$ cat run38.pdb   # PDB, C-alpha atoms
MODEL        1
ATOM      1  CA  MET M   1     -34.967  10.493  25.322  1.00  0.00           C
ATOM      2  CA  ARG M   2     -33.113   7.781  27.223  1.00  0.00           C
ATOM      3  CA  PRO M   3     -29.617   8.505  28.529  1.00  0.00           C
ATOM      4  CA  LYS M   4     -26.706   7.038  26.607  1.00  0.00           C
ATOM      5  CA  ASP M   5     -24.825   4.111  28.110  1.00  0.00           C
ATOM      6  CA  GLU M   6     -21.215   3.803  26.927  1.00  0.00           C
ATOM      7  CA  THR M   7     -21.312   0.029  27.531  1.00  0.00           C
ATOM      8  CA  LYS M   8     -24.208  -0.359  25.076  1.00  0.00           C
ATOM      9  CA  ARG M   9     -22.485   1.850  22.521  1.00  0.00           C
ATOM     10  CA  GLU M  10     -19.358  -0.320  22.705  1.00  0.00           C
ATOM     11  CA  ALA M  11     -21.464  -3.493  22.474  1.00  0.00           C
ATOM     12  CA  ILE M  12     -23.121  -2.137  19.326  1.00  0.00           C
ATOM     13  CA  LEU M  13     -19.788  -1.227  17.721  1.00  0.00           C
ATOM     14  CA  ASN M  14     -18.254  -4.594  18.637  1.00  0.00           C
ATOM     15  CA  ALA M  15     -21.294  -6.460  17.325  1.00  0.00           C
ATOM     16  CA  ALA M  16     -21.133  -4.519  14.065  1.00  0.00           C
ATOM     17  CA  MET M  17     -17.469  -5.423  13.627  1.00  0.00           C
ATOM     18  CA  VAL M  18     -18.066  -9.118  14.329  1.00  0.00           C
ATOM     19  CA  LEU M  19     -20.988  -9.323  11.910  1.00  0.00           C
ATOM     20  CA  ILE M  20     -19.304  -7.310   9.168  1.00  0.00           C
ATOM     21  CA  ASN M  21     -16.229  -9.513   9.417  1.00  0.00           C
ATOM     22  CA  THR M  22     -18.428 -12.608   9.239  1.00  0.00           C
ATOM     23  CA  LEU M  23     -21.233 -11.606   6.862  1.00  0.00           C
ATOM     24  CA  GLY M  24     -19.828  -8.613   5.000  1.00  0.00           C
ATOM     25  CA  LEU M  25     -21.033  -5.017   4.903  1.00  0.00           C
ATOM     26  CA  ALA M  26     -24.028  -5.608   2.666  1.00  0.00           C
ATOM     27  CA  HIS M  27     -25.426  -8.499   4.683  1.00  0.00           C
ATOM     28  CA  THR M  28     -25.102  -6.839   8.081  1.00  0.00           C
ATOM     29  CA  SER M  29     -28.359  -5.157   9.024  1.00  0.00           C
ATOM     30  CA  MET M  30     -29.132  -2.946  11.993  1.00  0.00           C
ATOM     31  CA  SER M  31     -31.470  -5.619  13.370  1.00  0.00           C
ATOM     32  CA  LYS M  32     -28.681  -8.228  13.203  1.00  0.00           C
ATOM     33  CA  ILE M  33     -26.331  -5.832  14.943  1.00  0.00           C
ATOM     34  CA  ALA M  34     -28.929  -5.191  17.660  1.00  0.00           C
ATOM     35  CA  ARG M  35     -29.446  -8.919  18.191  1.00  0.00           C
ATOM     36  CA  GLU M  36     -25.688  -9.574  18.387  1.00  0.00           C
ATOM     37  CA  ALA M  37     -25.218  -6.633  20.796  1.00  0.00           C
ATOM     38  CA  GLY M  38     -28.126  -7.726  22.996  1.00  0.00           C
ATOM     39  CA  VAL M  39     -30.039  -4.483  22.552  1.00  0.00           C
ATOM     40  CA  SER M  40     -33.276  -3.557  20.852  1.00  0.00           C
ATOM     41  CA  PRO M  41     -33.059  -2.168  17.306  1.00  0.00           C
ATOM     42  CA  ALA M  42     -34.429   1.137  18.584  1.00  0.00           C
ATOM     43  CA  THR M  43     -31.521   1.411  21.015  1.00  0.00           C
ATOM     44  CA  ILE M  44     -29.015   1.584  18.171  1.00  0.00           C
ATOM     45  CA  TYR M  45     -30.673   4.774  16.929  1.00  0.00           C
ATOM     46  CA  ILE M  46     -29.995   6.463  20.257  1.00  0.00           C
ATOM     47  CA  TYR M  47     -26.304   6.239  19.418  1.00  0.00           C
ATOM     48  CA  PHE M  48     -26.220   6.268  15.616  1.00  0.00           C
ATOM     49  CA  GLU M  49     -28.379   8.012  13.031  1.00  0.00           C
ATOM     50  CA  ASN M  50     -28.267   5.081  10.611  1.00  0.00           C
ATOM     51  CA  LYS M  51     -26.064   2.213   9.468  1.00  0.00           C
ATOM     52  CA  ASP M  52     -23.705   4.507   7.562  1.00  0.00           C
ATOM     53  CA  HIS M  53     -23.176   6.661  10.647  1.00  0.00           C
ATOM     54  CA  LEU M  54     -22.449   3.542  12.716  1.00  0.00           C
ATOM     55  CA  LEU M  55     -19.961   2.233  10.127  1.00  0.00           C
ATOM     56  CA  LEU M  56     -18.202   5.575   9.761  1.00  0.00           C
ATOM     57  CA  THR M  57     -17.936   5.916  13.540  1.00  0.00           C
ATOM     58  CA  LEU M  58     -16.514   2.414  13.851  1.00  0.00           C
ATOM     59  CA  TYR M  59     -13.983   3.011  11.079  1.00  0.00           C
ATOM     60  CA  VAL M  60     -12.788   6.309  12.562  1.00  0.00           C
ATOM     61  CA  GLU M  61     -12.402   4.669  15.987  1.00  0.00           C
ATOM     62  CA  VAL M  62     -10.407   1.793  14.496  1.00  0.00           C
ATOM     63  CA  LYS M  63      -8.152   4.244  12.642  1.00  0.00           C
ATOM     64  CA  ARG M  64      -7.668   6.290  15.821  1.00  0.00           C
ATOM     65  CA  GLU M  65      -6.650   3.178  17.780  1.00  0.00           C
ATOM     66  CA  MET M  66      -4.379   2.075  14.945  1.00  0.00           C
ATOM     67  CA  SER M  67      -2.623   5.438  14.837  1.00  0.00           C
ATOM     68  CA  ARG M  68      -2.070   5.342  18.596  1.00  0.00           C
ATOM     69  CA  ALA M  69      -0.592   1.855  18.400  1.00  0.00           C
ATOM     70  CA  ILE M  70       1.745   2.879  15.602  1.00  0.00           C
ATOM     71  CA  LEU M  71       2.745   6.363  16.679  1.00  0.00           C
ATOM     72  CA  ASP M  72       2.287   6.940  20.416  1.00  0.00           C
ATOM     73  CA  SER M  73       5.823   6.008  21.456  1.00  0.00           C
ATOM     74  CA  LEU M  74       7.508   7.374  18.340  1.00  0.00           C
ATOM     75  CA  ASP M  75      10.633   9.315  19.275  1.00  0.00           C
ATOM     76  CA  ASP M  76      10.993  12.413  17.104  1.00  0.00           C
ATOM     77  CA  ASP M  77      14.766  12.155  17.472  1.00  0.00           C
ATOM     78  CA  LEU M  78      15.014   8.801  15.688  1.00  0.00           C
ATOM     79  CA  ASP M  79      16.631   8.882  12.292  1.00  0.00           C
ATOM     80  CA  ILE M  80      14.227   8.392   9.380  1.00  0.00           C
ATOM     81  CA  ARG M  81      15.013   4.722   8.773  1.00  0.00           C
ATOM     82  CA  ASP M  82      14.662   3.789  12.455  1.00  0.00           C
ATOM     83  CA  ALA M  83      11.421   5.754  12.810  1.00  0.00           C
ATOM     84  CA  PHE M  84      10.109   4.167   9.636  1.00  0.00           C
ATOM     85  CA  ARG M  85      11.000   0.720  10.967  1.00  0.00           C
ATOM     86  CA  PHE M  86       9.352   1.528  14.320  1.00  0.00           C
ATOM     87  CA  MET M  87       6.065   2.411  12.618  1.00  0.00           C
ATOM     88  CA  TRP M  88       6.272  -0.489  10.171  1.00  0.00           C
ATOM     89  CA  GLU M  89       6.821  -3.054  12.940  1.00  0.00           C
ATOM     90  CA  ASN M  90       4.130  -1.479  15.140  1.00  0.00           C
ATOM     91  CA  LEU M  91       1.631  -1.632  12.297  1.00  0.00           C
ATOM     92  CA  TYR M  92       2.337  -5.320  11.737  1.00  0.00           C
ATOM     93  CA  ALA M  93       2.056  -5.994  15.471  1.00  0.00           C
ATOM     94  CA  TYR M  94      -1.242  -4.084  15.570  1.00  0.00           C
ATOM     95  CA  TYR M  95      -2.649  -6.125  12.696  1.00  0.00           C
ATOM     96  CA  LEU M  96      -1.760  -9.359  14.465  1.00  0.00           C
ATOM     97  CA  ALA M  97      -2.963  -8.206  17.894  1.00  0.00           C
ATOM     98  CA  TYR M  98      -6.294  -6.888  16.549  1.00  0.00           C
ATOM     99  CA  PRO M  99      -7.223  -9.069  13.585  1.00  0.00           C
ATOM    100  CA  ASP M 100     -10.900  -8.071  13.813  1.00  0.00           C
ATOM    101  CA  HIS M 101      -9.954  -4.408  13.431  1.00  0.00           C
ATOM    102  CA  PHE M 102      -7.671  -5.268  10.533  1.00  0.00           C
ATOM    103  CA  VAL M 103     -10.311  -7.309   8.670  1.00  0.00           C
ATOM    104  CA  PHE M 104     -12.975  -4.646   9.258  1.00  0.00           C
ATOM    105  CA  ALA M 105     -10.737  -1.804   8.055  1.00  0.00           C
ATOM    106  CA  GLU M 106      -9.821  -3.760   4.934  1.00  0.00           C
ATOM    107  CA  GLN M 107     -13.480  -4.382   4.080  1.00  0.00           C
ATOM    108  CA  PHE M 108     -14.458  -0.812   4.831  1.00  0.00           C
ATOM    109  CA  CYS M 109     -11.667   0.704   2.709  1.00  0.00           C
ATOM    110  CA  ASN M 110     -12.768  -1.345  -0.286  1.00  0.00           C
ATOM    111  CA  ALA M 111     -16.443  -0.368  -0.026  1.00  0.00           C
ATOM    112  CA  PRO M 112     -18.117   2.716  -1.518  1.00  0.00           C
ATOM    113  CA  ILE M 113     -18.894   4.047   1.973  1.00  0.00           C
ATOM    114  CA  ALA M 114     -15.174   4.709   2.468  1.00  0.00           C
ATOM    115  CA  ASP M 115     -15.619   7.788   0.273  1.00  0.00           C
ATOM    116  CA  ALA M 116     -17.755   9.342   3.035  1.00  0.00           C
ATOM    117  CA  VAL M 117     -14.913   9.412   5.575  1.00  0.00           C
ATOM    118  CA  GLU M 118     -13.797  12.899   6.469  1.00  0.00           C
ATOM    119  CA  GLU M 119     -10.268  12.667   5.087  1.00  0.00           C
ATOM    120  CA  GLU M 120      -8.935  15.458   7.267  1.00  0.00           C
ATOM    121  CA  GLU M 121     -10.062  13.708  10.450  1.00  0.00           C
ATOM    122  CA  ALA M 122      -8.522  10.382   9.445  1.00  0.00           C
ATOM    123  CA  LYS M 123      -5.315  12.048   8.215  1.00  0.00           C
ATOM    124  CA  GLY M 124      -5.021  13.956  11.481  1.00  0.00           C
ATOM    125  CA  PHE M 125      -4.470  10.717  13.360  1.00  0.00           C
ATOM    126  CA  PHE M 126      -1.408  10.029  11.233  1.00  0.00           C
ATOM    127  CA  ALA M 127       0.073  13.553  11.212  1.00  0.00           C
ATOM    128  CA  PRO M 128       3.369  12.407  12.825  1.00  0.00           C
ATOM    129  CA  PHE M 129       3.745   9.881  10.008  1.00  0.00           C
ATOM    130  CA  THR M 130       3.102  12.578   7.405  1.00  0.00           C
ATOM    131  CA  HIS M 131       5.691  14.827   9.054  1.00  0.00           C
ATOM    132  CA  LEU M 132       8.207  11.990   9.066  1.00  0.00           C
ATOM    133  CA  ILE M 133       7.720  11.412   5.327  1.00  0.00           C
ATOM    134  CA  GLU M 134       8.064  15.132   4.633  1.00  0.00           C
ATOM    135  CA  ARG M 135      11.220  15.292   6.779  1.00  0.00           C
ATOM    136  CA  GLY M 136      12.649  12.226   5.021  1.00  0.00           C
ATOM    137  CA  GLN M 137      12.057  13.755   1.625  1.00  0.00           C
ATOM    138  CA  LYS M 138      13.480  17.110   2.694  1.00  0.00           C
ATOM    139  CA  GLU M 139      16.631  15.394   4.000  1.00  0.00           C
ATOM    140  CA  GLY M 140      16.944  13.376   0.763  1.00  0.00           C
ATOM    141  CA  ILE M 141      16.509  10.050   2.560  1.00  0.00           C
ATOM    142  CA  LEU M 142      13.161   9.159   0.972  1.00  0.00           C
ATOM    143  CA  LYS M 143      12.346   9.247  -2.722  1.00  0.00           C
ATOM    144  CA  GLN M 144      10.847  12.429  -4.103  1.00  0.00           C
ATOM    145  CA  VAL M 145       7.543  10.891  -5.154  1.00  0.00           C
ATOM    146  CA  PRO M 146       3.984  11.568  -3.986  1.00  0.00           C
ATOM    147  CA  MET M 147       3.264  10.392  -0.455  1.00  0.00           C
ATOM    148  CA  GLU M 148       0.624   7.970  -1.747  1.00  0.00           C
ATOM    149  CA  LEU M 149       3.329   6.089  -3.650  1.00  0.00           C
ATOM    150  CA  LEU M 150       5.577   5.875  -0.612  1.00  0.00           C
ATOM    151  CA  VAL M 151       2.704   4.547   1.495  1.00  0.00           C
ATOM    152  CA  ALA M 152       1.689   2.055  -1.174  1.00  0.00           C
ATOM    153  CA  PHE M 153       5.157   0.585  -1.601  1.00  0.00           C
ATOM    154  CA  ALA M 154       6.051   0.622   2.081  1.00  0.00           C
ATOM    155  CA  PHE M 155       2.848  -0.462   3.797  1.00  0.00           C
ATOM    156  CA  HIS M 156       0.606  -2.293   1.339  1.00  0.00           C
ATOM    157  CA  PRO M 157       2.972  -5.268   1.106  1.00  0.00           C
ATOM    158  CA  LEU M 158       2.918  -5.364   4.912  1.00  0.00           C
ATOM    159  CA  THR M 159      -0.871  -5.447   4.772  1.00  0.00           C
ATOM    160  CA  GLN M 160      -0.673  -8.447   2.433  1.00  0.00           C
ATOM    161  CA  LEU M 161       1.659 -10.243   4.845  1.00  0.00           C
ATOM    162  CA  ALA M 162      -0.751  -9.542   7.696  1.00  0.00           C
ATOM    163  CA  LYS M 163      -3.631 -10.895   5.580  1.00  0.00           C
ATOM    164  CA  GLN M 164      -1.717 -14.115   5.039  1.00  0.00           C
ATOM    165  CA  HIS M 165      -1.177 -14.393   8.765  1.00  0.00           C
ATOM    166  CA  VAL M 166      -4.726 -13.495   9.828  1.00  0.00           C
ATOM    167  CA  LYS M 167      -6.662 -15.361   7.142  1.00  0.00           C
ATOM    168  CA  GLU M 168      -4.366 -18.250   6.258  1.00  0.00           C
ATOM    169  CA  GLY M 169      -2.284 -18.697   9.418  1.00  0.00           C
ATOM    170  CA  ILE M 170       0.990 -18.103   7.550  1.00  0.00           C
ATOM    171  CA  ALA M 171       3.227 -16.457  10.137  1.00  0.00           C
ATOM    172  CA  MET M 172       6.415 -14.561   9.400  1.00  0.00           C
ATOM    173  CA  ASP M 173       9.488 -15.414  11.435  1.00  0.00           C
ATOM    174  CA  ASP M 174      12.059 -12.763  12.379  1.00  0.00           C
ATOM    175  CA  ASP M 175      14.145 -13.414   9.263  1.00  0.00           C
ATOM    176  CA  GLY M 176      11.071 -13.075   7.065  1.00  0.00           C
ATOM    177  CA  LEU M 177      10.064  -9.828   8.734  1.00  0.00           C
ATOM    178  CA  GLU M 178      13.594  -8.483   8.375  1.00  0.00           C
ATOM    179  CA  ALA M 179      13.588  -9.341   4.661  1.00  0.00           C
ATOM    180  CA  ALA M 180      10.137  -7.790   4.224  1.00  0.00           C
ATOM    181  CA  PHE M 181      11.212  -4.600   5.973  1.00  0.00           C
ATOM    182  CA  SER M 182      14.362  -4.428   3.862  1.00  0.00           C
ATOM    183  CA  CYS M 183      12.261  -4.706   0.687  1.00  0.00           C
ATOM    184  CA  ALA M 184       9.867  -2.017   1.922  1.00  0.00           C
ATOM    185  CA  TRP M 185      12.723   0.314   2.843  1.00  0.00           C
ATOM    186  CA  ASP M 186      14.484  -0.248  -0.473  1.00  0.00           C
ATOM    187  CA  ALA M 187      11.251   0.657  -2.270  1.00  0.00           C
ATOM    188  CA  VAL M 188      10.985   4.078  -0.606  1.00  0.00           C
ATOM    189  CA  ALA M 189      14.585   5.085   0.208  1.00  0.00           C
ATOM    190  CA  ALA M 190      16.324   7.500  -2.096  1.00  0.00           C
ATOM    191  CA  PRO M 191      19.101   5.768  -4.080  1.00  0.00           C
ATOM    192  CA  GLU M 192      21.864   7.599  -2.198  1.00  0.00           C
ATOM    193  CA  ALA M 193      20.303   7.038   1.269  1.00  0.00           C
TER     194      ALA M 193
ENDMDL
END
$ encode --input "run38.pdb" --output "structure tokens"
Amino acid sequence: MRPKDETKREAILNAAMVLINTLGLAHTSMSKIAREAGVSPATIYIYFENKDHLLLTLYVEVKREMSRAILDSLDDDLDIRDAFRFMWENLYAYYLAYPDHFVFAEQFCNAPIADAVEEEEAKGFFAPFTHLIERGQKEGILKQVPMELLVAFAFHPLTQLAKQHVKEGIAMDDDGLEAAFSCAWDAVAAPEA
């Protein structure tokens, strides 16, 4: 068996992302990925068992990078609203800085293969976020609703704004971002917060 070369592995993952973002998941074959990466089709199978394994690996790596961008500098001493704003703004900045990652993650999440992701692994990347939500609810600052609802109302509108920017070139100015954050916060903050 040939030794693994990290440069080839990265080329394969990058090629997969480019093709998936251009052609879609269904129309991206291993042979197309190999051609785009500049490797033989057999080389891909040194690194990945099959297309699903490649896609799952790519998704988990994108989520890991996303979590680092959002959470790495998060100060545990920030109040809930400031910490929430920090993550919200970092997520938007990440989407704009890495539009290929954003587009890939969106496609992946809406495909049946997303069900194969090990939820515990993906959730582990965002554990500080989960703890922040739990702390906010415990302190009565965030609404006492399931976490999925808080995430949906706080971050899915942000995802839509990023889509408009990435796909349609509609950029938000500072006033627009401030208004969007205010709406997101109002959606998740407890009435007395």
$ closest_residue --input "run38.pdb" --among "M:Gly169, M:Lys163, M:Ala154, M:Ser29" --to "Arg85 in chain M" --atoms "only C-alpha atoms"
M:Ala154
$ resolve_selection --input "run38.pdb" --expression "the PyMOL selection byres ((chain M and resi 54) around 12)" --output "PyMOL selection string"
chain M and resi 9-10+12-17+20+25+28-30+33-34+44-53+55-61+113+117
$ resolve_selection --input "run38.pdb" --expression "the PyMOL selection byres ((chain M and resi 185-193) around 8)" --output "list in words"
Arg81, Gly140, Ile141, Leu142, Lys143, Gln144, Leu150, Phe153, Ala154, Phe181, Ser182, Cys183 and Ala184 of chain M
$ residues_around --input "run38.pdb" --residues "range 124-136 of chain M" --least-positions-apart "6" --cutoff "7 Å" --atoms "only C-alpha atoms" --output "list in words"
Arg64, Ser67, Ile80 and Leu142 of chain M
$ closest_residue --input "run38.pdb" --among "M:Ala83, M:Leu158, M:Ala42, M:Val151" --to "Ala179 in chain M" --atoms "all atoms listed in the file"
M:Leu158
$ closest_residue --input "run38.pdb" --among "M:Val62, M:Ala11, M:Leu23, M:Ala152" --to "Gly38 in chain M" --atoms "all atoms listed in the file"
M:Ala11
$ closest_residue --input "run38.pdb" --among "M:Glu106, M:Asp79, M:Asp115, M:Glu65" --to "Tyr94 in chain M" --atoms "only C-alpha atoms"
M:Glu65
$ build_atoms --input "run38.pdb" --residues "range 163-174 of chain M" --atoms "all heavy atoms" --output "PDB file, in the frame of the given file"
ATOM      1  N   LYS M 163      -2.484 -10.116   6.076  1.00  0.00           N
ATOM      2  CA  LYS M 163      -3.631 -10.895   5.580  1.00  0.00           C
ATOM      3  C   LYS M 163      -3.303 -12.373   5.556  1.00  0.00           C
ATOM      4  O   LYS M 163      -4.117 -13.202   5.950  1.00  0.00           O
ATOM      5  CB  LYS M 163      -4.016 -10.456   4.158  1.00  0.00           C
ATOM      6  CG  LYS M 163      -4.996  -9.364   4.081  1.00  0.00           C
ATOM      7  CD  LYS M 163      -5.387  -9.150   2.619  1.00  0.00           C
ATOM      8  CE  LYS M 163      -5.864  -7.746   2.423  1.00  0.00           C
ATOM      9  NZ  LYS M 163      -6.142  -7.443   1.029  1.00  0.00           N
ATOM     10  N   GLN M 164      -2.126 -12.702   5.064  1.00  0.00           N
ATOM     11  CA  GLN M 164      -1.717 -14.115   5.039  1.00  0.00           C
ATOM     12  C   GLN M 164      -1.700 -14.693   6.441  1.00  0.00           C
ATOM     13  O   GLN M 164      -2.117 -15.824   6.649  1.00  0.00           O
ATOM     14  CB  GLN M 164      -0.334 -14.264   4.409  1.00  0.00           C
ATOM     15  CG  GLN M 164      -0.310 -14.043   2.929  1.00  0.00           C
ATOM     16  CD  GLN M 164       1.105 -14.179   2.368  1.00  0.00           C
ATOM     17  OE1 GLN M 164       2.093 -14.135   3.080  1.00  0.00           O
ATOM     18  NE2 GLN M 164       1.180 -14.341   1.056  1.00  0.00           N
ATOM     19  N   HIS M 165      -1.241 -13.913   7.382  1.00  0.00           N
ATOM     20  CA  HIS M 165      -1.177 -14.393   8.765  1.00  0.00           C
ATOM     21  C   HIS M 165      -2.577 -14.542   9.360  1.00  0.00           C
ATOM     22  O   HIS M 165      -2.905 -15.574   9.934  1.00  0.00           O
ATOM     23  CB  HIS M 165      -0.344 -13.434   9.621  1.00  0.00           C
ATOM     24  CG  HIS M 165      -0.168 -13.912  11.023  1.00  0.00           C
ATOM     25  ND1 HIS M 165       0.918 -14.660  11.408  1.00  0.00           N
ATOM     26  CD2 HIS M 165      -0.943 -13.770  12.122  1.00  0.00           C
ATOM     27  CE1 HIS M 165       0.807 -14.953  12.687  1.00  0.00           C
ATOM     28  NE2 HIS M 165      -0.306 -14.421  13.144  1.00  0.00           N
ATOM     29  N   VAL M 166      -3.398 -13.516   9.207  1.00  0.00           N
ATOM     30  CA  VAL M 166      -4.726 -13.495   9.828  1.00  0.00           C
ATOM     31  C   VAL M 166      -5.674 -14.488   9.160  1.00  0.00           C
ATOM     32  O   VAL M 166      -6.384 -15.230   9.836  1.00  0.00           O
ATOM     33  CB  VAL M 166      -5.312 -12.067   9.789  1.00  0.00           C
ATOM     34  CG1 VAL M 166      -6.772 -12.046  10.188  1.00  0.00           C
ATOM     35  CG2 VAL M 166      -4.497 -11.148  10.713  1.00  0.00           C
ATOM     36  N   LYS M 167      -5.689 -14.532   7.855  1.00  0.00           N
ATOM     37  CA  LYS M 167      -6.662 -15.361   7.142  1.00  0.00           C
ATOM     38  C   LYS M 167      -6.176 -16.785   6.865  1.00  0.00           C
ATOM     39  O   LYS M 167      -6.962 -17.700   6.818  1.00  0.00           O
ATOM     40  CB  LYS M 167      -7.072 -14.689   5.843  1.00  0.00           C
ATOM     41  CG  LYS M 167      -7.835 -13.410   6.078  1.00  0.00           C
ATOM     42  CD  LYS M 167      -8.491 -12.943   4.807  1.00  0.00           C
ATOM     43  CE  LYS M 167      -9.329 -11.738   5.096  1.00  0.00           C
ATOM     44  NZ  LYS M 167     -10.724 -11.946   4.949  1.00  0.00           N
ATOM     45  N   GLU M 168      -4.876 -16.939   6.658  1.00  0.00           N
ATOM     46  CA  GLU M 168      -4.366 -18.250   6.258  1.00  0.00           C
ATOM     47  C   GLU M 168      -3.442 -18.883   7.289  1.00  0.00           C
ATOM     48  O   GLU M 168      -2.973 -20.001   7.100  1.00  0.00           O
ATOM     49  CB  GLU M 168      -3.630 -18.119   4.914  1.00  0.00           C
ATOM     50  CG  GLU M 168      -4.538 -17.593   3.806  1.00  0.00           C
ATOM     51  CD  GLU M 168      -3.757 -17.162   2.579  1.00  0.00           C
ATOM     52  OE1 GLU M 168      -2.639 -17.661   2.359  1.00  0.00           O
ATOM     53  OE2 GLU M 168      -4.271 -16.310   1.836  1.00  0.00           O
ATOM     54  N   GLY M 169      -3.140 -18.158   8.372  1.00  0.00           N
ATOM     55  CA  GLY M 169      -2.284 -18.697   9.418  1.00  0.00           C
ATOM     56  C   GLY M 169      -0.819 -18.798   9.034  1.00  0.00           C
ATOM     57  O   GLY M 169      -0.058 -19.516   9.667  1.00  0.00           O
ATOM     58  N   ILE M 170      -0.408 -18.072   7.984  1.00  0.00           N
ATOM     59  CA  ILE M 170       0.990 -18.103   7.550  1.00  0.00           C
ATOM     60  C   ILE M 170       1.736 -17.006   8.308  1.00  0.00           C
ATOM     61  O   ILE M 170       1.593 -15.826   8.021  1.00  0.00           O
ATOM     62  CB  ILE M 170       1.112 -17.892   6.029  1.00  0.00           C
ATOM     63  CG1 ILE M 170       0.347 -18.985   5.283  1.00  0.00           C
ATOM     64  CG2 ILE M 170       2.583 -17.860   5.621  1.00  0.00           C
ATOM     65  CD1 ILE M 170       0.226 -18.745   3.799  1.00  0.00           C
ATOM     66  N   ALA M 171       2.515 -17.410   9.299  1.00  0.00           N
ATOM     67  CA  ALA M 171       3.227 -16.457  10.137  1.00  0.00           C
ATOM     68  C   ALA M 171       4.624 -16.178   9.591  1.00  0.00           C
ATOM     69  O   ALA M 171       5.253 -17.059   9.018  1.00  0.00           O
ATOM     70  CB  ALA M 171       3.324 -16.988  11.560  1.00  0.00           C
ATOM     71  N   MET M 172       5.064 -14.954   9.796  1.00  0.00           N
ATOM     72  CA  MET M 172       6.415 -14.561   9.400  1.00  0.00           C
ATOM     73  C   MET M 172       7.339 -14.747  10.595  1.00  0.00           C
ATOM     74  O   MET M 172       7.017 -14.327  11.698  1.00  0.00           O
ATOM     75  CB  MET M 172       6.435 -13.090   8.992  1.00  0.00           C
ATOM     76  CG  MET M 172       5.644 -12.760   7.751  1.00  0.00           C
ATOM     77  SD  MET M 172       6.423 -13.313   6.252  1.00  0.00           S
ATOM     78  CE  MET M 172       7.827 -12.245   6.191  1.00  0.00           C
ATOM     79  N   ASP M 173       8.495 -15.353  10.369  1.00  0.00           N
ATOM     80  CA  ASP M 173       9.488 -15.414  11.435  1.00  0.00           C
ATOM     81  C   ASP M 173      10.322 -14.135  11.384  1.00  0.00           C
ATOM     82  O   ASP M 173      10.125 -13.277  10.512  1.00  0.00           O
ATOM     83  CB  ASP M 173      10.351 -16.669  11.327  1.00  0.00           C
ATOM     84  CG  ASP M 173      11.170 -16.739  10.043  1.00  0.00           C
ATOM     85  OD1 ASP M 173      11.270 -15.721   9.323  1.00  0.00           O
ATOM     86  OD2 ASP M 173      11.719 -17.818   9.765  1.00  0.00           O
ATOM     87  N   ASP M 174      11.259 -13.990  12.312  1.00  0.00           N
ATOM     88  CA  ASP M 174      12.059 -12.763  12.379  1.00  0.00           C
ATOM     89  C   ASP M 174      12.851 -12.513  11.101  1.00  0.00           C
ATOM     90  O   ASP M 174      12.958 -11.369  10.644  1.00  0.00           O
ATOM     91  CB  ASP M 174      13.003 -12.817  13.582  1.00  0.00           C
ATOM     92  CG  ASP M 174      12.267 -12.695  14.907  1.00  0.00           C
ATOM     93  OD1 ASP M 174      11.096 -12.250  14.906  1.00  0.00           O
ATOM     94  OD2 ASP M 174      12.855 -13.040  15.942  1.00  0.00           O
TER      95      ASP M 174
END
